[in-house]
>>> print(open('work.txt').read())   # compact mmCIF, C-alpha atoms (C1' of nucleotides)
# COMPACT_ATOMS: atom_id res chain seq x y z
CA MET T 1 10.39 -14.34 18.58
CA ALA T 2 10.65 -13.46 22.26
CA LYS T 3 8.72 -10.32 23.22
CA SER T 4 11.90 -8.44 24.01
CA THR T 5 10.19 -5.38 25.51
CA PRO T 6 6.57 -4.32 25.97
CA ASP T 7 7.06 -1.46 23.53
CA ALA T 8 8.60 -3.68 20.87
CA GLU T 9 5.60 -5.92 21.32
CA LEU T 10 3.26 -2.95 20.96
CA ALA T 11 5.04 -1.98 17.75
CA ARG T 12 4.67 -5.49 16.41
CA VAL T 13 0.97 -5.59 17.24
CA LEU T 14 0.30 -2.22 15.63
CA LEU T 15 2.10 -3.23 12.44
CA GLU T 16 0.11 -6.44 12.39
CA MET T 17 -3.19 -4.67 12.96
CA CYS T 18 -2.32 -2.22 10.22
CA CYS T 19 -1.71 -5.16 7.89
CA VAL T 20 -5.06 -6.72 8.75
CA VAL T 21 -6.96 -3.47 8.28
CA GLU T 22 -5.19 -3.01 4.95
CA GLY T 23 -6.56 -6.38 3.98
CA ILE T 24 -10.13 -5.38 4.80
CA ARG T 25 -9.70 -2.03 3.09
CA GLY T 26 -8.24 -3.74 0.03
CA THR T 27 -11.06 -6.23 -0.30
CA VAL T 28 -13.75 -3.59 0.12
CA SER T 29 -12.01 -1.23 -2.29
CA ARG T 30 -11.73 -3.90 -4.91
CA ASP T 31 -15.43 -4.70 -4.61
CA LEU T 32 -16.14 -1.04 -5.37
CA GLU T 33 -13.60 -1.05 -8.22
CA LEU T 34 -11.30 1.29 -6.37
CA THR T 35 -7.64 0.95 -5.49
CA PRO T 36 -6.85 1.33 -1.77
CA GLN T 37 -5.23 4.69 -2.50
CA GLN T 38 -8.32 5.87 -4.31
CA SER T 39 -10.62 4.92 -1.45
CA GLN T 40 -8.27 6.67 0.96
CA LEU T 41 -8.28 9.85 -1.09
CA LEU T 42 -12.04 9.71 -1.50
CA THR T 43 -12.76 9.26 2.20
CA ALA T 44 -10.32 12.06 2.97
CA VAL T 45 -12.03 14.61 0.72
CA ALA T 46 -15.45 13.39 1.82
CA GLU T 47 -14.91 14.99 5.23
CA ARG T 48 -13.96 18.33 3.76
CA GLU T 49 -12.43 19.79 0.64
CA LEU T 50 -8.65 19.40 0.58
CA THR T 51 -5.89 20.89 -1.51
CA HIS T 52 -3.32 18.73 -3.28
CA GLY T 53 -0.75 19.62 -0.67
CA GLU T 54 -3.05 18.64 2.19
CA LEU T 55 -3.80 15.39 0.41
CA ALA T 56 -0.10 14.66 -0.01
CA THR T 57 0.39 15.11 3.72
CA ARG T 58 -2.65 13.02 4.58
CA LEU T 59 -1.73 10.17 2.25
CA HIS T 60 1.97 10.30 3.14
CA CYS T 61 3.02 10.74 -0.46
CA ASP T 62 4.50 13.29 -2.80
CA LYS T 63 2.36 16.04 -4.25
CA THR T 64 3.38 14.97 -7.75
CA ASN T 65 1.66 11.70 -6.99
CA VAL T 66 -1.56 13.42 -5.97
CA THR T 67 -1.90 14.97 -9.42
CA GLY T 68 -2.22 11.55 -11.01
CA LEU T 69 -4.52 10.18 -8.31
CA VAL T 70 -6.91 13.11 -8.69
CA ASP T 71 -6.68 12.89 -12.49
CA ARG T 72 -7.82 9.29 -12.49
CA LEU T 73 -10.65 9.90 -10.03
CA GLU T 74 -11.76 12.99 -11.92
CA ARG T 75 -11.83 10.99 -15.14
CA ARG T 76 -14.26 8.61 -13.44
CA ASP T 77 -16.39 11.50 -12.23
CA LEU T 78 -15.79 10.74 -8.56
CA VAL T 79 -14.05 13.97 -7.57
CA ARG T 80 -13.76 17.45 -8.99
CA ARG T 81 -11.10 20.17 -8.75
CA ARG T 82 -12.48 23.49 -7.56
CA PRO T 83 -10.18 26.47 -8.14
CA ASP T 84 -9.70 28.66 -5.10
CA PRO T 85 -10.95 32.17 -5.91
CA ASN T 86 -8.58 33.77 -3.38
CA ASP T 87 -5.45 31.96 -4.54
CA ARG T 88 -5.43 30.88 -8.12
CA ARG T 89 -2.55 28.46 -7.52
CA VAL T 90 -4.49 26.06 -5.36
CA ALA T 91 -7.02 23.47 -6.46
CA ARG T 92 -9.37 22.12 -3.86
CA VAL T 93 -10.57 18.58 -4.38
CA HIS T 94 -14.10 17.59 -3.45
CA PRO T 95 -16.21 14.52 -4.20
CA THR T 96 -19.03 14.51 -6.73
CA ASP T 97 -22.41 13.03 -5.85
CA ARG T 98 -21.24 9.72 -7.26
CA GLY T 99 -18.10 10.04 -5.17
CA GLU T 100 -20.05 10.71 -1.98
CA GLU T 101 -22.26 7.75 -2.65
CA LEU T 102 -19.23 5.52 -3.17
CA VAL T 103 -17.67 6.74 0.07
CA ALA T 104 -20.86 5.88 1.91
CA ARG T 105 -20.82 2.40 0.45
CA PHE T 106 -17.16 2.05 1.32
CA ARG T 107 -17.73 3.04 4.93
CA ASP T 108 -20.73 0.75 5.24
CA ALA T 109 -18.83 -2.22 3.85
CA VAL T 110 -15.86 -1.68 6.16
CA THR T 111 -18.19 -1.26 9.13
CA ALA T 112 -20.03 -4.45 8.21
CA ALA T 113 -16.77 -6.37 7.86
CA ILE T 114 -15.57 -5.25 11.26
CA GLU T 115 -18.97 -5.82 12.86
CA THR T 116 -18.99 -9.38 11.60
CA ARG T 117 -15.52 -10.16 12.82
CA LEU T 118 -16.00 -8.59 16.25
CA ALA T 119 -19.52 -9.94 16.67
CA SER T 120 -18.49 -11.94 19.71
CA TRP T 121 -17.18 -8.87 21.50
CA PRO T 122 -19.52 -7.21 24.00
CA SER T 123 -20.45 -3.73 22.80
CA ASP T 124 -18.84 -1.97 25.75
CA LEU T 125 -15.51 -3.60 24.94
CA ARG T 126 -15.77 -2.45 21.34
CA LEU T 127 -16.52 1.04 22.60
CA ARG T 128 -13.57 0.98 24.97
CA PHE T 129 -11.31 -0.24 22.18
CA ALA T 130 -12.52 2.50 19.85
CA GLU T 131 -11.83 5.17 22.46
CA LEU T 132 -8.37 3.83 23.18
CA ALA T 133 -7.56 3.55 19.49
CA GLN T 134 -8.84 7.07 18.90
CA THR T 135 -6.58 8.47 21.62
CA ALA T 136 -3.62 6.45 20.40
CA THR T 137 -4.14 7.62 16.83
CA GLY T 138 -4.09 11.21 17.97
CA ALA T 139 -0.87 10.67 19.89
CA LEU T 140 0.80 8.68 17.10
CA ARG T 141 0.08 11.36 14.56
CA SER T 142 2.19 14.02 16.25
CA MET E 1 -19.67 13.80 10.13
CA ALA E 2 -22.01 12.61 12.86
CA LYS E 3 -20.89 9.39 14.52
CA SER E 4 -23.87 7.51 13.15
CA THR E 5 -23.27 4.28 15.07
CA PRO E 6 -20.57 3.09 17.47
CA ASP E 7 -19.44 0.48 14.94
CA ALA E 8 -19.19 3.00 12.13
CA GLU E 9 -17.11 5.10 14.48
CA LEU E 10 -14.91 2.10 15.27
CA ALA E 11 -14.41 1.50 11.58
CA ARG E 12 -13.43 5.12 11.05
CA VAL E 13 -10.93 5.02 13.90
CA LEU E 14 -9.34 1.80 12.69
CA LEU E 15 -8.93 3.16 9.18
CA GLU E 16 -7.41 6.30 10.62
CA MET E 17 -5.03 4.39 12.86
CA CYS E 18 -4.04 2.24 9.91
CA CYS E 19 -3.24 5.40 7.97
CA VAL E 20 -1.09 6.77 10.79
CA VAL E 21 0.82 3.52 11.22
CA GLU E 22 1.38 3.44 7.47
CA GLY E 23 2.97 6.86 7.83
CA ILE E 24 5.38 5.65 10.50
CA ARG E 25 6.16 2.50 8.54
CA GLY E 26 6.74 4.54 5.40
CA THR E 27 9.12 6.96 7.07
CA VAL E 28 11.13 4.21 8.74
CA SER E 29 11.23 2.15 5.55
CA ARG E 30 12.46 5.08 3.55
CA ASP E 31 15.25 5.71 6.06
CA LEU E 32 16.40 2.12 5.51
CA GLU E 33 16.05 2.49 1.74
CA LEU E 34 13.17 0.04 1.62
CA THR E 35 9.71 0.41 0.19
CA PRO E 36 6.86 -0.29 2.63
CA GLN E 37 6.12 -3.51 0.75
CA GLN E 38 9.70 -4.62 1.05
CA SER E 39 9.82 -4.02 4.79
CA GLN E 40 6.56 -5.91 5.14
CA LEU E 41 7.88 -8.88 3.22
CA LEU E 42 11.15 -8.82 5.13
CA THR E 43 9.51 -8.75 8.56
CA ALA E 44 7.18 -11.54 7.45
CA VAL E 45 9.97 -13.92 6.43
CA ALA E 46 12.03 -12.94 9.46
CA GLU E 47 9.60 -14.82 11.70
CA ARG E 48 9.81 -17.97 9.65
CA GLU E 49 10.48 -19.09 6.10
CA LEU E 50 7.47 -18.57 3.85
CA THR E 51 6.53 -19.76 0.38
CA HIS E 52 5.47 -17.36 -2.34
CA GLY E 53 1.87 -18.40 -1.86
CA GLU E 54 2.00 -17.77 1.86
CA LEU E 55 3.55 -14.39 1.21
CA ALA E 56 0.83 -13.50 -1.27
CA THR E 57 -1.78 -14.29 1.38
CA ARG E 58 0.07 -12.40 4.07
CA LEU E 59 0.65 -9.30 1.94
CA HIS E 60 -2.85 -9.39 0.43
CA CYS E 61 -1.54 -9.45 -3.10
CA ASP E 62 -1.26 -11.72 -6.10
CA LYS E 63 1.39 -14.41 -6.22
CA THR E 64 2.66 -13.00 -9.51
CA ASN E 65 3.51 -9.86 -7.59
CA VAL E 66 5.52 -11.77 -5.02
CA THR E 67 7.90 -13.01 -7.71
CA GLY E 68 9.01 -9.46 -8.47
CA LEU E 69 9.19 -8.42 -4.82
CA VAL E 70 11.41 -11.37 -3.97
CA ASP E 71 13.49 -10.79 -7.11
CA ARG E 72 14.30 -7.24 -6.09
CA LEU E 73 15.11 -8.18 -2.50
CA GLU E 74 17.23 -11.09 -3.64
CA ARG E 75 19.14 -8.80 -5.99
CA ARG E 76 20.01 -6.68 -2.95
CA ASP E 77 21.08 -9.76 -1.01
CA LEU E 78 18.38 -9.33 1.64
CA VAL E 79 16.49 -12.58 1.08
CA ARG E 80 17.19 -15.91 -0.56
CA ARG E 81 14.99 -18.55 -2.21
CA ARG E 82 15.47 -22.03 -0.78
CA PRO E 83 14.04 -24.87 -2.91
CA ASP E 84 11.89 -27.32 -0.97
CA PRO E 85 13.44 -30.80 -1.22
CA ASN E 86 10.06 -32.52 -0.73
CA ASP E 87 8.19 -30.50 -3.34
CA ARG E 88 10.28 -29.13 -6.12
CA ARG E 89 7.59 -26.66 -7.13
CA VAL E 90 7.82 -24.52 -4.02
CA ALA E 91 10.44 -21.93 -3.16
CA ARG E 92 10.74 -20.89 0.46
CA VAL E 93 11.93 -17.36 1.10
CA HIS E 94 14.18 -16.57 4.04
CA PRO E 95 16.24 -13.51 4.98
CA THR E 96 20.01 -13.36 4.65
CA ASP E 97 22.15 -12.07 7.50
CA ARG E 98 21.95 -8.61 6.00
CA GLY E 99 18.19 -9.02 5.77
CA GLU E 100 17.88 -10.06 9.40
CA GLU E 101 19.96 -7.12 10.47
CA LEU E 102 17.78 -4.75 8.48
CA VAL E 103 14.63 -6.21 10.01
CA ALA E 104 16.08 -5.64 13.46
CA ARG E 105 16.81 -2.02 12.60
CA PHE E 106 13.33 -1.64 11.16
CA ARG E 107 11.68 -2.99 14.28
CA ASP E 108 13.83 -0.84 16.53
CA ALA E 109 13.05 2.30 14.59
CA VAL E 110 9.30 1.66 14.62
CA THR E 111 9.43 0.88 18.33
CA ALA E 112 11.35 4.07 18.98
CA ALA E 113 8.88 6.13 16.96
CA ILE E 114 5.93 4.72 18.87
CA GLU E 115 7.70 5.02 22.21
CA THR E 116 8.36 8.70 21.56
CA ARG E 117 4.82 9.46 20.56
CA LEU E 118 3.23 7.56 23.44
CA ALA E 119 5.78 8.76 25.96
CA SER E 120 3.09 10.50 27.99
CA TRP E 121 1.09 7.28 28.35
CA PRO E 122 1.56 5.32 31.56
CA SER E 123 3.12 1.96 30.80
CA ASP E 124 0.14 -0.02 32.07
CA LEU E 125 -2.11 1.78 29.62
CA ARG E 126 0.25 0.97 26.77
CA LEU E 127 0.22 -2.64 27.87
CA ARG E 128 -3.56 -2.72 28.05
CA PHE E 129 -3.78 -1.17 24.60
CA ALA E 130 -1.33 -3.69 23.16
CA GLU E 131 -3.36 -6.58 24.59
CA LEU E 132 -6.61 -5.21 23.26
CA ALA E 133 -5.10 -4.55 19.85
CA GLN E 134 -3.62 -8.03 19.78
CA THR E 135 -6.98 -9.63 20.51
CA ALA E 136 -8.72 -7.40 17.97
CA THR E 137 -6.16 -8.25 15.32
CA GLY E 138 -6.76 -11.92 15.85
CA ALA E 139 -10.50 -11.46 15.54
CA LEU E 140 -10.26 -9.18 12.51
CA ARG E 141 -8.10 -11.64 10.63
CA SER E 142 -10.73 -14.36 10.49
C1' DA O 1 8.79 46.14 -10.22
C1' DT O 2 11.52 42.44 -8.53
C1' DC O 3 12.68 38.52 -5.59
C1' DG O 4 11.70 34.52 -3.09
C1' DA O 5 8.42 31.20 -1.68
C1' DT O 6 4.52 28.28 -2.69
C1' DA O 7 0.97 25.19 -5.43
C1' DG O 8 0.49 22.39 -8.84
C1' DT O 9 1.95 20.14 -13.28
C1' DC O 10 5.03 17.48 -16.50
C1' DT O 11 8.66 14.06 -17.67
C1' DG O 12 11.14 10.12 -16.71
C1' DT O 13 12.03 6.03 -14.03
C1' DA O 14 11.33 2.42 -10.61
C1' DT O 15 8.14 -0.22 -8.07
C1' DC O 16 3.69 -2.24 -7.18
C1' DA O 17 -0.31 -4.89 -8.66
C1' DT O 18 -3.12 -7.68 -11.54
C1' DC O 19 -4.53 -10.57 -15.58
C1' DG O 20 -3.85 -14.35 -18.72
C1' DA O 21 -0.93 -17.76 -20.42
C1' DC O 22 2.58 -20.89 -19.49
C1' DT O 23 5.95 -24.69 -17.33
C1' DA O 24 6.95 -27.96 -14.06
C1' DA O 25 5.78 -30.81 -10.53
C1' DA O 26 2.61 -33.32 -7.43
C1' DC O 27 -1.52 -36.04 -7.12
C1' DA O 28 -5.82 -38.72 -8.11
C1' DG O 29 -8.30 -42.30 -10.29
C1' DT O 30 -8.41 -45.63 -13.60
C1' DA S 1 1.85 -46.90 -15.90
C1' DC S 2 -1.17 -43.33 -17.92
C1' DT S 3 -4.04 -40.02 -18.11
C1' DG S 4 -6.40 -35.71 -16.21
C1' DT S 5 -6.43 -32.31 -12.62
C1' DT S 6 -4.61 -29.37 -9.39
C1' DT S 7 -0.99 -26.56 -7.47
C1' DA S 8 3.42 -23.42 -7.27
C1' DG S 9 5.80 -20.37 -9.42
C1' DT S 10 7.24 -17.63 -13.57
C1' DC S 11 6.69 -14.54 -17.72
C1' DG S 12 4.70 -10.75 -20.53
C1' DA S 13 1.70 -6.99 -20.93
C1' DT S 14 -0.69 -3.26 -18.87
C1' DG S 15 -2.15 0.10 -15.58
C1' DA S 16 -1.46 2.34 -11.00
C1' DT S 17 1.49 4.11 -7.46
C1' DA S 18 5.58 6.74 -5.93
C1' DC S 19 9.27 9.98 -6.27
C1' DA S 20 13.00 13.16 -8.19
C1' DG S 21 13.90 17.13 -10.95
C1' DA S 22 12.52 20.76 -13.90
C1' DC S 23 8.97 23.90 -14.98
C1' DT S 24 4.88 27.48 -14.85
C1' DA S 25 1.91 30.38 -12.53
C1' DT S 26 0.81 32.83 -8.63
C1' DC S 27 1.27 34.97 -4.25
C1' DG S 28 3.65 37.88 -0.86
C1' DA S 29 7.00 41.04 0.66
C1' DT S 30 10.13 44.05 0.01
>>> encode(input="work.txt", output="structure tokens")
Amino acid sequence: MAKSTPDAELARVLLEMCCVVEGIRGTVSRDLELTPQQSQLLTAVAERELTHGELATRLHCDKTNVTGLVDRLERRDLVRRRPDPNDRRVARVHPTDRGEELVARFRDAVTAAIETRLASWPSDLRLRFAELAQTATGALRS
Amino acid sequence: MAKSTPDAELARVLLEMCCVVEGIRGTVSRDLELTPQQSQLLTAVAERELTHGELATRLHCDKTNVTGLVDRLERRDLVRRRPDPNDRRVARVHPTDRGEELVARFRDAVTAAIETRLASWPSDLRLRFAELAQTATGALRS
DNA sequence: ATCGATAGTCTGTATCATCGACTAAACAGT
DNA sequence: ACTGTTTAGTCGATGATACAGACTATCGAT
């Protein structure tokens, strides 16, 4: 496992970090009786209402998949479909009060988990890391 | 969406970065006709042979799930189960030649995708980011 | 009014993920 | 040796995720 090139090493590290964050997200989701996909959808629509198509893009999945995801969350009264008055084809998904509350708990739990694990880091390092990660995320999205 | 605290903001960024990396991993996996889970399992056993239990831990899933994952990859001649001579209960999973080759292609494609997207970054910044992410990953795992 | 594009749904199929029950093997204490 | 316990992996059943293809309804532009 030689670090062939710096960029290959960066790729490896990012995949590994992704895996670790997935672990945290999975544990927290399970505690809230959500699947990881459900918590992802919920946090996405918590920022602003999204259409099925936008959700498909955001979650990197097919729109036919989004139908089922929203169905299951709607059945649990966590999100609602709001028909767009201007375009009767589109359905905008937004969280209910219960959904918002669950998102808040989700965020808090993830924050607490990360806080605990990075407790030994000085706060300026955490800040620097967050900034760098933010910039990288923006660049990686394009 | 006020950034309530720096740590909440860090949590948000990490979840977002995780989502973006999942997108890259998903696209690359699909090009190689793998599911994301399959590419994760393959890259895991490419480093060293792992038992089903170790894989379950690594992939954050149940051991009963690993059976099916390994079954499907074995059917495609990408991994093999090797019985442990010292403990006849355990099966160690290792990649075949085809599997190793696929892992190499997977890593290369992810590296290329990241390289492209971070092309505008100076190489020392990429290195600094990789180091920071590596350290963070180690801390987050515990 | 018609045509093409778009948004979402439905059906069918494969994979992922877990639970509970089970088998086989290793291990501990008597 | 002989139990009882633990551990590793499998099996069956069930629900969730993911996608392809076909479909409906609607919008937009001719």
>>> closest_residue(input="work.txt", among="E:Glu22, E:Glu100, E:Glu74, E:Glu115", to="Thr5 (chain T)", atoms="only C-alpha atoms")
E:Glu115
>>> closest_atom_pairs(input="work.txt", of="chain T", to="chain S", cutoff="10 Å", atoms="only C-alpha atoms (C1' of nucleotides)", output="tab-separated table")
residue	atom	partner	partner_atom	distance
T:Thr35	CA	S:DA16	C1'	8.4
T:Gln37	CA	S:DT17	C1'	8.4
T:Cys61	CA	S:DA18	C1'	7.2
T:Asp62	CA	S:DC19	C1'	6.8
T:Lys63	CA	S:DC19	C1'	9.4
T:Thr64	CA	S:DC19	C1'	7.9
T:Asn65	CA	S:DA18	C1'	6.4
T:Val66	CA	S:DA18	C1'	9.8
T:Gly68	CA	S:DT17	C1'	9.0
T:Leu69	CA	S:DT17	C1'	8.6
T:Arg72	CA	S:DA16	C1'	9.5
T:Asn86	CA	S:DC27	C1'	10.0
T:Asp87	CA	S:DC27	C1'	7.4
T:Arg88	CA	S:DT26	C1'	6.6
T:Arg89	CA	S:DT26	C1'	5.6
T:Val90	CA	S:DT26	C1'	9.2
>>> interface_residues(input="work.txt", of="chain T", to="chain E", cutoff="7 Å", atoms="all atoms listed in the file", output="ChimeraX atom specification")
/T:1,6-8,10-11,13,15,17-18,20-21,23,47,60,110-111,114-115,117-118,127,129-130,132-134,137,139-142
>>> atom_distance(input="work.txt", atom1="CA of Leu50 (chain E)", atom2="CA of Leu34 (chain E)")
19.6 Å
>>> interface_residues(input="work.txt", of="chain O", to="chain T", cutoff="10 Å", atoms="only C-alpha atoms (C1' of nucleotides)", output="list of chain:residue names")
O:DT6, O:DA7, O:DG8, O:DT9, O:DC10, O:DA17
>>> atom_distance(input="work.txt", atom1="C1' of DA21 (chain O)", atom2="CA of Leu32 (chain T)")
27.2 Å
>>> closest_residue(input="work.txt", among="T:Glu49, T:Ser4, T:Glu33, T:Leu42", to="Val103 (chain T)", atoms="all atoms listed in the file")
T:Leu42
>>> atom_distance(input="work.txt", atom1="CA of Arg80 (chain T)", atom2="CA of Gly99 (chain T)")
9.4 Å
